[in-house]
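Structure file protein21.cif with mmCIF, C-alpha atoms:
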data_upload
loop_
_atom_site.label_atom_id
_atom_site.label_comp_id
_atom_site.auth_asym_id
_atom_site.auth_seq_id
_atom_site.Cartn_x
_atom_site.Cartn_y
_atom_site.Cartn_z
CA MET C 1 -25.08 -81.45 2.01
CA THR C 2 -25.82 -78.13 3.68
CA THR C 3 -23.54 -75.40 2.40
CA ILE C 4 -22.58 -72.75 4.95
CA ASP C 5 -21.67 -69.38 3.48
CA ALA C 6 -21.19 -67.72 6.88
CA PRO C 7 -21.69 -68.73 10.49
CA ALA C 8 -25.21 -68.08 11.68
CA PRO C 9 -25.25 -65.84 14.75
CA ALA C 10 -26.61 -67.39 17.91
CA THR C 11 -29.52 -65.67 19.61
CA ALA C 12 -27.91 -65.26 23.02
CA GLY C 13 -26.36 -61.96 24.03
CA PRO C 14 -23.11 -61.26 25.89
CA THR C 15 -22.15 -63.69 28.63
CA THR C 16 -18.96 -64.44 30.57
CA LEU C 17 -17.25 -67.60 29.31
CA THR C 18 -13.89 -69.23 29.73
CA PHE C 19 -11.78 -69.64 26.61
CA ALA C 20 -12.48 -73.40 26.72
CA LYS C 21 -16.23 -72.92 27.12
CA ALA C 22 -16.28 -70.46 24.22
CA ILE C 23 -14.80 -73.14 21.96
CA ASN C 24 -17.27 -75.70 23.28
CA GLN C 25 -20.14 -73.29 22.57
CA ALA C 26 -18.84 -72.63 19.06
CA LEU C 27 -18.76 -76.37 18.33
CA ARG C 28 -22.22 -76.79 19.81
CA ASP C 29 -23.71 -73.95 17.78
CA ALA C 30 -22.03 -75.12 14.56
CA MET C 31 -23.31 -78.67 15.06
CA THR C 32 -26.80 -77.34 15.72
CA ALA C 33 -26.72 -75.22 12.57
CA ASP C 34 -25.46 -77.98 10.25
CA ASP C 35 -25.89 -81.73 10.59
CA ASP C 36 -22.81 -82.26 8.40
CA VAL C 37 -20.47 -80.89 11.10
CA LEU C 38 -18.75 -83.81 12.84
CA VAL C 39 -16.37 -83.70 15.80
CA PHE C 40 -13.89 -86.50 16.45
CA GLY C 41 -10.48 -87.31 17.90
CA GLU C 42 -8.87 -89.11 20.81
CA ASP C 43 -11.08 -89.13 23.94
CA VAL C 44 -13.37 -86.35 22.68
CA GLY C 45 -16.52 -88.43 23.17
CA THR C 46 -17.54 -89.66 26.61
CA LEU C 47 -14.58 -88.01 28.36
CA GLY C 48 -15.07 -84.70 26.58
CA GLY C 49 -11.40 -84.35 25.71
CA VAL C 50 -8.32 -83.95 27.89
CA PHE C 51 -9.20 -80.27 28.40
CA ARG C 52 -12.98 -80.96 28.38
CA ILE C 53 -13.43 -78.85 25.27
CA THR C 54 -15.96 -81.28 23.78
CA ASP C 55 -17.75 -81.92 27.06
CA GLY C 56 -21.40 -82.86 26.53
CA LEU C 57 -21.32 -82.99 22.73
CA THR C 58 -21.66 -86.78 22.49
CA ARG C 59 -24.47 -86.72 25.04
CA ASP C 60 -26.37 -84.01 23.17
CA PHE C 61 -25.64 -84.88 19.54
CA GLY C 62 -25.03 -88.63 19.68
CA GLU C 63 -22.08 -90.88 18.90
CA ASP C 64 -22.53 -90.38 15.16
CA ARG C 65 -21.72 -86.66 15.47
CA CYS C 66 -19.04 -86.59 18.21
CA PHE C 67 -16.98 -89.73 18.64
CA ASP C 68 -13.66 -91.19 19.75
CA THR C 69 -11.04 -92.45 17.32
CA PRO C 70 -8.10 -94.85 17.60
CA LEU C 71 -4.77 -93.39 18.75
CA ALA C 72 -3.58 -92.81 15.19
CA GLU C 73 -3.30 -89.16 14.21
CA SER C 74 -2.39 -89.84 10.58
CA GLY C 75 -5.44 -92.05 10.25
CA ILE C 76 -7.66 -89.45 11.93
CA VAL C 77 -6.71 -86.76 9.42
CA GLY C 78 -6.88 -89.19 6.49
CA PHE C 79 -10.39 -90.17 7.61
CA ALA C 80 -11.35 -86.49 7.76
CA ILE C 81 -10.15 -85.98 4.18
CA GLY C 82 -12.41 -88.80 3.03
CA LEU C 83 -15.36 -87.35 4.93
CA CYS C 84 -14.87 -84.02 3.14
CA TYR C 85 -15.14 -85.86 -0.18
CA THR C 86 -18.58 -87.09 0.80
CA GLY C 87 -19.94 -83.74 1.94
CA PHE C 88 -19.17 -83.57 5.65
CA ARG C 89 -17.44 -80.79 7.58
CA PRO C 90 -15.14 -82.57 10.04
CA VAL C 91 -13.64 -80.84 13.06
CA VAL C 92 -10.64 -82.88 14.18
CA GLU C 93 -8.97 -82.56 17.57
CA MET C 94 -5.28 -83.26 17.96
CA GLN C 95 -5.02 -84.06 21.67
CA PHE C 96 -1.74 -82.15 22.13
CA ASP C 97 0.30 -80.04 19.71
CA ALA C 98 3.23 -82.45 19.31
CA PHE C 99 0.86 -85.40 18.94
CA ALA C 100 -0.10 -83.94 15.56
CA TYR C 101 3.30 -84.59 13.97
CA PRO C 102 2.46 -88.14 12.80
CA ALA C 103 -0.40 -86.53 10.84
CA PHE C 104 1.76 -83.86 9.25
CA GLU C 105 2.35 -85.91 6.10
CA GLN C 106 -1.39 -86.06 5.51
CA ILE C 107 -1.73 -82.35 6.28
CA ALA C 108 1.16 -81.15 4.11
CA SER C 109 0.75 -83.59 1.22
CA HIS C 110 -3.02 -83.77 0.91
CA VAL C 111 -4.99 -81.38 3.12
CA ALA C 112 -2.96 -78.35 2.03
CA LYS C 113 -2.64 -79.29 -1.64
CA MET C 114 -5.97 -80.81 -2.69
CA HIS C 115 -7.52 -77.51 -3.77
CA ASN C 116 -4.53 -76.66 -5.97
CA ARG C 117 -4.08 -80.23 -7.22
CA THR C 118 -7.64 -80.36 -8.54
CA GLY C 119 -7.68 -76.87 -9.98
CA GLY C 120 -10.19 -75.75 -7.36
CA LYS C 121 -12.67 -78.54 -8.10
CA VAL C 122 -12.21 -80.23 -4.71
CA THR C 123 -12.36 -78.32 -1.44
CA LEU C 124 -11.65 -79.66 2.03
CA PRO C 125 -13.89 -77.84 4.51
CA MET C 126 -12.18 -79.21 7.58
CA VAL C 127 -10.80 -77.77 10.81
CA ILE C 128 -7.87 -79.29 12.70
CA ARG C 129 -7.91 -78.07 16.29
CA VAL C 130 -4.47 -78.02 17.90
CA PRO C 131 -4.08 -77.22 21.62
CA TYR C 132 -0.62 -75.65 21.59
CA ALA C 133 2.13 -73.77 23.43
CA GLY C 134 3.16 -73.91 27.07
CA GLY C 135 2.25 -72.37 30.37
CA ILE C 136 0.58 -75.48 31.84
CA GLY C 137 3.62 -77.27 33.25
CA GLY C 138 3.74 -79.83 30.46
CA VAL C 139 6.91 -81.15 28.85
CA GLU C 140 7.93 -82.04 25.31
CA HIS C 141 5.29 -83.94 23.30
CA HIS C 142 2.65 -82.20 25.42
CA CYS C 143 3.79 -78.61 24.85
CA ASP C 144 5.13 -77.19 21.62
CA SER C 145 4.78 -74.08 19.49
CA SER C 146 4.12 -75.66 16.11
CA GLU C 147 2.43 -72.76 14.32
CA GLY C 148 5.46 -72.16 12.08
CA TYR C 149 5.17 -75.56 10.41
CA TYR C 150 1.60 -74.91 9.35
CA ALA C 151 2.13 -71.26 8.42
CA HIS C 152 5.00 -72.31 6.13
CA THR C 153 2.75 -74.79 4.28
CA PRO C 154 0.85 -73.16 1.38
CA GLY C 155 -2.82 -74.09 1.25
CA LEU C 156 -3.50 -73.92 4.98
CA LYS C 157 -5.13 -71.13 6.94
CA VAL C 158 -3.75 -70.73 10.46
CA TYR C 159 -5.90 -69.11 13.15
CA THR C 160 -4.69 -68.44 16.69
CA PRO C 161 -7.21 -66.60 18.89
CA GLY C 162 -6.07 -64.82 22.03
CA THR C 163 -9.45 -64.01 23.64
CA PRO C 164 -12.62 -66.01 24.42
CA GLN C 165 -14.59 -63.79 22.02
CA ASP C 166 -12.21 -64.61 19.18
CA ALA C 167 -12.12 -68.27 20.20
CA TYR C 168 -15.87 -68.48 19.63
CA TRP C 169 -16.24 -66.51 16.42
CA MET C 170 -13.02 -67.55 14.73
CA LEU C 171 -13.92 -71.21 15.22
CA ARG C 172 -17.40 -70.59 13.80
CA GLU C 173 -15.80 -68.95 10.76
CA ALA C 174 -13.24 -71.73 10.45
CA ILE C 175 -15.95 -74.39 10.36
CA ALA C 176 -17.87 -72.40 7.75
CA ASP C 177 -14.78 -71.95 5.56
CA PRO C 178 -14.54 -74.16 2.45
CA ASP C 179 -10.76 -74.36 2.89
CA PRO C 180 -8.82 -76.26 5.57
CA VAL C 181 -8.03 -74.35 8.75
CA ILE C 182 -5.47 -75.16 11.43
CA PHE C 183 -7.04 -73.78 14.61
CA MET C 184 -4.31 -73.19 17.20
CA GLU C 185 -5.69 -73.04 20.75
CA PRO C 186 -3.33 -71.66 23.45
CA LYS C 187 -3.60 -74.18 26.27
CA ALA C 188 -2.62 -71.65 28.94
CA LEU C 189 -5.64 -69.50 28.02
CA TYR C 190 -8.26 -72.24 28.35
CA TRP C 191 -9.17 -71.07 31.87
CA SER C 192 -9.15 -67.33 31.15
CA LYS C 193 -12.53 -65.61 31.30
CA ALA C 194 -14.06 -62.71 29.40
CA GLU C 195 -17.35 -61.50 28.02
CA VAL C 196 -18.40 -63.24 24.81
CA ASP C 197 -21.16 -62.00 22.55
CA THR C 198 -22.41 -64.98 20.53
CA SER C 199 -25.02 -62.85 18.75
CA SER C 200 -22.68 -60.86 16.54
CA PRO C 201 -19.11 -61.35 15.26
CA VAL C 202 -16.14 -59.10 15.92
CA GLU C 203 -13.47 -58.34 13.34
CA PRO C 204 -13.45 -60.79 10.41
CA VAL C 205 -10.68 -63.37 10.29
CA GLY C 206 -7.64 -61.94 8.56
CA ARG C 207 -7.81 -58.59 10.31
CA ALA C 208 -5.56 -57.88 13.27
CA ALA C 209 -6.87 -56.11 16.37
CA VAL C 210 -5.33 -53.18 18.23
CA ARG C 211 -5.74 -54.42 21.80
CA ARG C 212 -4.07 -51.36 23.34
CA PRO C 213 -3.37 -48.09 21.50
CA GLY C 214 0.02 -46.41 21.91
CA LYS C 215 2.32 -43.91 20.22
CA GLU C 216 5.94 -44.90 20.89
CA VAL C 217 6.40 -48.68 20.54
CA THR C 218 4.45 -51.45 18.77
CA LEU C 219 4.27 -54.91 20.35
CA VAL C 220 3.14 -57.50 17.81
CA SER C 221 1.76 -60.67 19.36
CA TYR C 222 -0.63 -63.54 18.77
CA GLY C 223 -2.26 -66.40 20.65
CA PRO C 224 -0.68 -67.08 24.06
CA SER C 225 1.51 -63.97 23.83
CA VAL C 226 -1.37 -61.49 23.69
CA PRO C 227 -2.06 -61.31 27.47
CA LEU C 228 1.69 -61.17 28.10
CA ALA C 229 2.14 -58.27 25.67
CA LEU C 230 -0.71 -56.38 27.35
CA LYS C 231 0.84 -56.96 30.77
CA ALA C 232 4.22 -55.78 29.49
CA ALA C 233 2.63 -52.68 27.95
CA ASP C 234 1.10 -51.78 31.31
CA ALA C 235 4.48 -52.23 33.00
CA ALA C 236 6.21 -50.15 30.30
CA GLU C 237 3.77 -47.33 30.92
CA GLN C 238 5.14 -47.08 34.46
CA GLN C 239 8.57 -46.49 32.90
CA GLY C 240 7.30 -43.76 30.60
CA TRP C 241 6.71 -45.73 27.41
CA ASP C 242 3.42 -45.47 25.48
CA VAL C 243 3.09 -48.96 23.97
CA GLU C 244 0.63 -50.21 21.37
CA VAL C 245 -0.31 -53.92 21.34
CA ILE C 246 -1.33 -55.66 18.12
CA ASP C 247 -3.05 -59.07 18.22
CA LEU C 248 -2.61 -60.74 14.82
CA ARG C 249 -5.52 -63.17 15.45
CA SER C 250 -4.60 -65.14 12.33
CA ILE C 251 -1.14 -65.90 10.99
CA VAL C 252 -2.49 -67.01 7.60
CA PRO C 253 -3.99 -64.78 6.33
CA LEU C 254 -1.75 -62.11 7.80
CA ASP C 255 -2.93 -58.53 8.21
CA ASP C 256 0.11 -56.59 7.01
CA GLU C 257 -1.87 -53.37 6.77
CA THR C 258 -2.67 -53.00 10.47
CA VAL C 259 0.82 -54.02 11.59
CA MET C 260 2.64 -51.72 9.18
CA ALA C 261 0.38 -48.77 9.92
CA SER C 262 1.16 -49.11 13.62
CA VAL C 263 4.92 -49.42 13.13
CA ARG C 264 5.05 -46.46 10.73
CA ARG C 265 3.33 -44.44 13.43
CA THR C 266 5.44 -45.57 16.41
CA GLY C 267 8.79 -46.11 14.66
CA ARG C 268 9.72 -48.96 17.01
CA CYS C 269 8.63 -52.60 17.15
CA VAL C 270 9.08 -55.73 19.24
CA VAL C 271 7.62 -59.04 18.08
CA VAL C 272 6.62 -61.35 20.93
CA SER C 273 6.27 -65.08 20.23
CA GLU C 274 6.47 -68.10 22.51
CA ALA C 275 8.03 -70.22 19.76
CA GLN C 276 11.79 -70.25 19.34
CA GLY C 277 12.94 -67.29 17.29
CA PHE C 278 15.06 -69.02 14.64
CA ALA C 279 13.21 -69.50 11.31
CA GLY C 280 9.86 -68.85 12.94
CA VAL C 281 6.79 -66.66 12.56
CA ALA C 282 8.46 -63.89 14.59
CA GLY C 283 11.36 -63.81 12.13
CA GLU C 284 8.97 -63.55 9.18
CA LEU C 285 7.14 -60.68 10.86
CA ALA C 286 10.40 -58.86 11.64
CA SER C 287 11.54 -59.24 8.03
CA ARG C 288 8.28 -57.94 6.60
CA ILE C 289 8.30 -54.96 8.94
CA CYS C 290 11.89 -54.09 7.97
CA GLU C 291 11.07 -54.34 4.26
CA ARG C 292 7.91 -52.27 4.44
CA CYS C 293 8.71 -49.77 7.19
CA PHE C 294 12.46 -49.26 6.85
CA HIS C 295 12.33 -45.48 6.48
CA SER C 296 9.97 -45.14 9.46
CA LEU C 297 12.02 -47.21 11.91
CA GLU C 298 13.90 -45.43 14.71
CA ALA C 299 15.58 -48.70 15.81
CA PRO C 300 15.94 -52.31 14.63
CA VAL C 301 12.94 -54.61 14.93
CA LEU C 302 13.53 -56.93 17.90
CA ARG C 303 12.11 -60.33 18.80
CA VAL C 304 11.36 -61.80 22.21
CA SER C 305 10.85 -65.52 21.85
CA GLY C 306 11.21 -68.93 23.43
CA LEU C 307 14.62 -70.53 23.76
CA PRO C 308 16.07 -72.85 21.06
CA THR C 309 15.40 -76.00 23.07
CA PRO C 310 12.44 -78.38 23.50
CA TYR C 311 9.89 -77.30 26.09
CA PRO C 312 11.49 -77.93 29.49
CA ALA C 313 10.34 -79.47 32.76
CA PRO C 314 7.68 -77.44 34.62
CA MET C 315 10.08 -75.73 37.04
CA LEU C 316 12.14 -74.36 34.14
CA GLU C 317 9.18 -73.06 32.14
CA PRO C 318 9.39 -69.50 33.57
CA THR C 319 12.95 -69.29 32.28
CA TYR C 320 12.07 -70.72 28.89
CA LEU C 321 8.96 -68.69 28.14
CA PRO C 322 9.06 -65.01 27.20
CA GLY C 323 8.26 -62.81 30.18
CA VAL C 324 7.49 -59.20 31.02
CA ASP C 325 11.10 -58.46 32.03
CA ARG C 326 12.49 -59.68 28.72
CA ILE C 327 9.95 -57.59 26.81
CA LEU C 328 10.83 -54.52 28.89
CA ASP C 329 14.53 -55.16 28.21
CA ALA C 330 13.77 -55.21 24.49
CA ILE C 331 11.81 -51.97 24.72
CA ASP C 332 14.74 -50.35 26.53
CA ARG C 333 17.09 -51.52 23.76
CA LEU C 334 14.97 -49.67 21.21
CA GLN C 335 16.18 -46.46 22.83
CA PHE C 336 19.63 -47.52 24.01
CA GLU C 337 21.04 -49.77 21.31
CA ASP C 338 24.37 -50.35 23.10
CA GLN C 339 22.73 -52.38 25.89
CA PRO C 340 23.53 -56.12 25.93
CA ASP C 341 21.13 -58.49 24.17
CA THR C 342 18.94 -60.08 26.85
CA THR C 343 15.90 -60.93 24.71
CA PHE C 344 17.09 -64.29 23.31
CA SER C 345 15.82 -62.91 20.04
CA GLU C 346 18.20 -64.69 17.69
CA GLY C 347 16.98 -68.18 18.53
CA ALA C 348 20.38 -69.88 18.15
CA ARG C 349 22.13 -68.78 21.31
CA GLY C 350 24.07 -71.49 23.06
#

How does the structure come out when it is put into structure tokens?
Amino acid sequence: MTTIDAPAPATAGPTTLTFAKAINQALRDAMTADDDVLVFGEDVGTLGGVFRITDGLTRDFGEDRCFDTPLAESGIVGFAIGLCYTGFRPVVEMQFDAFAYPAFEQIASHVAKMHNRTGGKVTLPMVIRVPYAGGIGGVEHHCDSSEGYYAHTPGLKVYTPGTPQDAYWMLREAIADPDPVIFMEPKALYWSKAEVDTSSPVEPVGRAAVRRPGKEVTLVSYGPSVPLALKAADAAEQQGWDVEVIDLRSIVPLDDETVMASVRRTGRCVVVSEAQGFAGVAGELASRICERCFHSLEAPVLRVSGLPTPYPAPMLEPTYLPGVDRILDAIDRLQFEDQPDTTFSEGARG
């Protein structure tokens, strides 16, 4: 078996890629660098996946390297565990976020615990790709924000890129990692475009990025909420607020240092997450910020999140998902605390 200590940089320089194409290129480059990297899942072969993420991989690498599986998510992940035992590096695609739930027993009971169970003697160098979140007009079972389940499970790393550049390099690093990684891909960002440099990495995984510097308010976001937070920060500037935007990039590991340094500087914070607020990642972030930055805070930490319901029909999605107006309302509340709560931040509102 070929052991990968770090992803080998590609030779190409910067080029404009969609988020989806960046993931495809990362898979292609990883498969070229290491024959032990396998890609499989439902319809990933000839079709190239529902979102065409694996387009061309079967044609170029053969059916032994990129292949279709039965419609049995638990079996897919169980098969990947066995492949890790024999020296392979499987990259598994869950077709949609909520389709992964039948495999959660395998993930929580075996994928996450094998390293600890064997005292570090057995590693599972596998990546489970999960297209997640809304914004595409899907309904329940096809749209869900499931990152909290994985982040709550010790033994899993949880990556959630918000840019094409991160999509490429974070997937390369995930495939090279000896530990299992849940790679959360925001479906709504698949068609976004940006410059991607495949010749050199950006920040290492585990370090958050300051996407927009500011002095008065910190917006903490990740994955599908990053473009929204940037848009809200631009709108807030028109109202006189200087807003900083933090992109976590990975939920596990979590970069406390960058987040806390920003909040201590600005004194105000809003956490933006598409998932429902109750018992979620946003709540964990708010709690950590309160514990570590209490004496620096000028106002309570607020959350802007999805509603406490399953993902709705397409026409209701704009109401369900966090939006610029709700973020601006939260920013206003940081200054005027007697304003009514319009952020749906508590996650259990009826």

### Task
Expand the PyMOL selection byres ((chain C and resi 324-330) around 12) into the individual residues it matches in the shown file, reporting them as a PyMOL selection string.
chain C and resi 217-221+225-241+243+268-274+299-306+318-323+331-345

Export C-alpha atoms of the chosen residues as a tab-separated table (two decimals), in the frame of the given file?
chain	number	residue	atom	x	y	z
C	217	VAL	CA	6.40	-48.68	20.54
C	218	THR	CA	4.45	-51.45	18.77
C	219	LEU	CA	4.27	-54.91	20.35
C	220	VAL	CA	3.14	-57.50	17.81
C	221	SER	CA	1.76	-60.67	19.36
C	225	SER	CA	1.51	-63.97	23.83
C	226	VAL	CA	-1.37	-61.49	23.69
C	227	PRO	CA	-2.06	-61.31	27.47
C	228	LEU	CA	1.69	-61.17	28.10
C	229	ALA	CA	2.14	-58.27	25.67
C	230	LEU	CA	-0.71	-56.38	27.35
C	231	LYS	CA	0.84	-56.96	30.77
C	232	ALA	CA	4.22	-55.78	29.49
C	233	ALA	CA	2.63	-52.68	27.95
C	234	ASP	CA	1.10	-51.78	31.31
C	235	ALA	CA	4.48	-52.23	33.00
C	236	ALA	CA	6.21	-50.15	30.30
C	237	GLU	CA	3.77	-47.33	30.92
C	238	GLN	CA	5.14	-47.08	34.46
C	239	GLN	CA	8.57	-46.49	32.90
C	240	GLY	CA	7.30	-43.76	30.60
C	241	TRP	CA	6.71	-45.73	27.41
C	243	VAL	CA	3.09	-48.96	23.97
C	268	ARG	CA	9.72	-48.96	17.01
C	269	CYS	CA	8.63	-52.60	17.15
C	270	VAL	CA	9.08	-55.73	19.24
C	271	VAL	CA	7.62	-59.04	18.08
C	272	VAL	CA	6.62	-61.35	20.93
C	273	SER	CA	6.27	-65.08	20.23
C	274	GLU	CA	6.47	-68.10	22.51
C	299	ALA	CA	15.58	-48.70	15.81
C	300	PRO	CA	15.94	-52.31	14.63
C	301	VAL	CA	12.94	-54.61	14.93
C	302	LEU	CA	13.53	-56.93	17.90
C	303	ARG	CA	12.11	-60.33	18.80
C	304	VAL	CA	11.36	-61.80	22.21
C	305	SER	CA	10.85	-65.52	21.85
C	306	GLY	CA	11.21	-68.93	23.43
C	318	PRO	CA	9.39	-69.50	33.57
C	319	THR	CA	12.95	-69.29	32.28
C	320	TYR	CA	12.07	-70.72	28.89
C	321	LEU	CA	8.96	-68.69	28.14
C	322	PRO	CA	9.06	-65.01	27.20
C	323	GLY	CA	8.26	-62.81	30.18
C	331	ILE	CA	11.81	-51.97	24.72
C	332	ASP	CA	14.74	-50.35	26.53
C	333	ARG	CA	17.09	-51.52	23.76
C	334	LEU	CA	14.97	-49.67	21.21
C	335	GLN	CA	16.18	-46.46	22.83
C	336	PHE	CA	19.63	-47.52	24.01
C	337	GLU	CA	21.04	-49.77	21.31
C	338	ASP	CA	24.37	-50.35	23.10
C	339	GLN	CA	22.73	-52.38	25.89
C	340	PRO	CA	23.53	-56.12	25.93
C	341	ASP	CA	21.13	-58.49	24.17
C	342	THR	CA	18.94	-60.08	26.85
C	343	THR	CA	15.90	-60.93	24.71
C	344	PHE	CA	17.09	-64.29	23.31
C	345	SER	CA	15.82	-62.91	20.04

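Across the model, the gap from CA of Val245 (chain C) to CA of Ala151 (chain C) is 21.8 Å.
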
### Task
Would you mind reading off the distance between CA of Arg249 (chain C) and CA of Lys21 (chain C), one decimal, in Å?
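Going from CA of Arg249 (chain C) over to CA of Lys21 (chain C), I get 18.6 Å.
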
### Task
Return as a list in words the set of residues that the PyMOL selection byres ((chain C and resi 196) around 8) yields on the displayed structure.
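On this input, the PyMOL selection byres ((chain C and resi 196) around 8) captures Pro14, Thr15, Thr16, Leu17, Ala22, Pro164, Gln165, Tyr168, Ala194, Glu195, Asp197 and Thr198 of chain C.
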
### Summary
In terms of all atoms listed in the file, the residue from C:Ser192, C:Thr153, C:Gln95, C:Ser146 at minimal distance from Pro131 (chain C) is C:Gln95

### Query
Out of C:Ser250, C:Ser74, C:Thr69, C:Asn24, which residue has the shortest atom-to-atom distance to Gly45 (chain C) when counting all atoms listed in the file?
C:Thr69

### Message
Between CA of Gly214 (chain C) and CA of Cys293 (chain C), what is the distance in Å, rounded to a tenth?
### Response
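Calculated distance between CA of Gly214 (chain C) and CA of Cys293 (chain C) is 17.4 Å.
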
Produce a table with one row for each residue of region 199-298 of chain C that has an atom at most 9 Å from any atom of region 170-178 of chain C, each row naming the nearest atom pair and its distance in Å at one decimal; use all atoms listed in the file; arrange rows by chain and rising residue number; format as JSON lines.
{"residue": "C:Pro201", "atom": "CA", "partner": "C:Met170", "partner_atom": "CA", "distance": 8.7}
{"residue": "C:Pro204", "atom": "CA", "partner": "C:Met170", "partner_atom": "CA", "distance": 8.0}
{"residue": "C:Val205", "atom": "CA", "partner": "C:Met170", "partner_atom": "CA", "distance": 6.5}
{"residue": "C:Arg249", "atom": "CA", "partner": "C:Met170", "partner_atom": "CA", "distance": 8.7}

### Task
For a cut-off of 8 Å around (-7.6, -77.7, 12.0), file coordinates, pick out all residues using only C-alpha atoms and list them as a ChimeraX atom specification.
/C:91-93,126-130,180-184

### Query
Applied to this file, what does the PyMOL selection byres ((chain C and resi 265) around 8) return in terms of residues, put as a list of chain:residue names?
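Listing what the PyMOL selection byres ((chain C and resi 265) around 8) selects in the shown file: C:Lys215, C:Glu216, C:Ala261, C:Ser262, C:Val263, C:Arg264, C:Thr266, C:Gly267, C:Ser296.
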
### Task
Find, counting only C-alpha atoms, the residue in C:Tyr85, C:Ala313, C:Gly155, C:Gly137 that gets nearest to Lys121 (chain C).
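Smallest distance to Lys121 (chain C) is found for C:Tyr85.
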
Residues within 10 Å of (-11.5, -82.4, 23.9), counting all atoms listed in the file, listed as a compact mmCIF listing (two decimals) with C-alpha atoms, keeping the file's coordinate frame:
# COMPACT_ATOMS: atom_id res chain seq x y z
CA ALA C 20 -12.48 -73.40 26.72
CA ASN C 24 -17.27 -75.70 23.28
CA VAL C 39 -16.37 -83.70 15.80
CA PHE C 40 -13.89 -86.50 16.45
CA GLY C 41 -10.48 -87.31 17.90
CA GLU C 42 -8.87 -89.11 20.81
CA ASP C 43 -11.08 -89.13 23.94
CA VAL C 44 -13.37 -86.35 22.68
CA GLY C 45 -16.52 -88.43 23.17
CA THR C 46 -17.54 -89.66 26.61
CA LEU C 47 -14.58 -88.01 28.36
CA GLY C 48 -15.07 -84.70 26.58
CA GLY C 49 -11.40 -84.35 25.71
CA VAL C 50 -8.32 -83.95 27.89
CA PHE C 51 -9.20 -80.27 28.40
CA ARG C 52 -12.98 -80.96 28.38
CA ILE C 53 -13.43 -78.85 25.27
CA THR C 54 -15.96 -81.28 23.78
CA ASP C 55 -17.75 -81.92 27.06
CA LEU C 57 -21.32 -82.99 22.73
CA ASP C 68 -13.66 -91.19 19.75
CA VAL C 92 -10.64 -82.88 14.18
CA GLU C 93 -8.97 -82.56 17.57
CA MET C 94 -5.28 -83.26 17.96
CA GLN C 95 -5.02 -84.06 21.67
CA PHE C 96 -1.74 -82.15 22.13
CA ARG C 129 -7.91 -78.07 16.29
CA PRO C 131 -4.08 -77.22 21.62

#### Entry: Nearest to Pro154 (chain C), chosen from C:Asp179, C:Asp29, C:Glu73, C:Glu291, with all atoms listed in the file counted in the distances
C:Asp179

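Shortest atom-to-atom contact with Glu244 (chain C) among C:Arg212, C:Arg28, C:Lys113, C:Lys187: C:Arg212, counting all atoms listed in the file.
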
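Among C:Tyr101, C:Phe88, C:Cys290, C:Gly277, the residue with the shortest atom-to-atom distance to His142 (chain C), counting all atoms listed in the file, is C:Tyr101.
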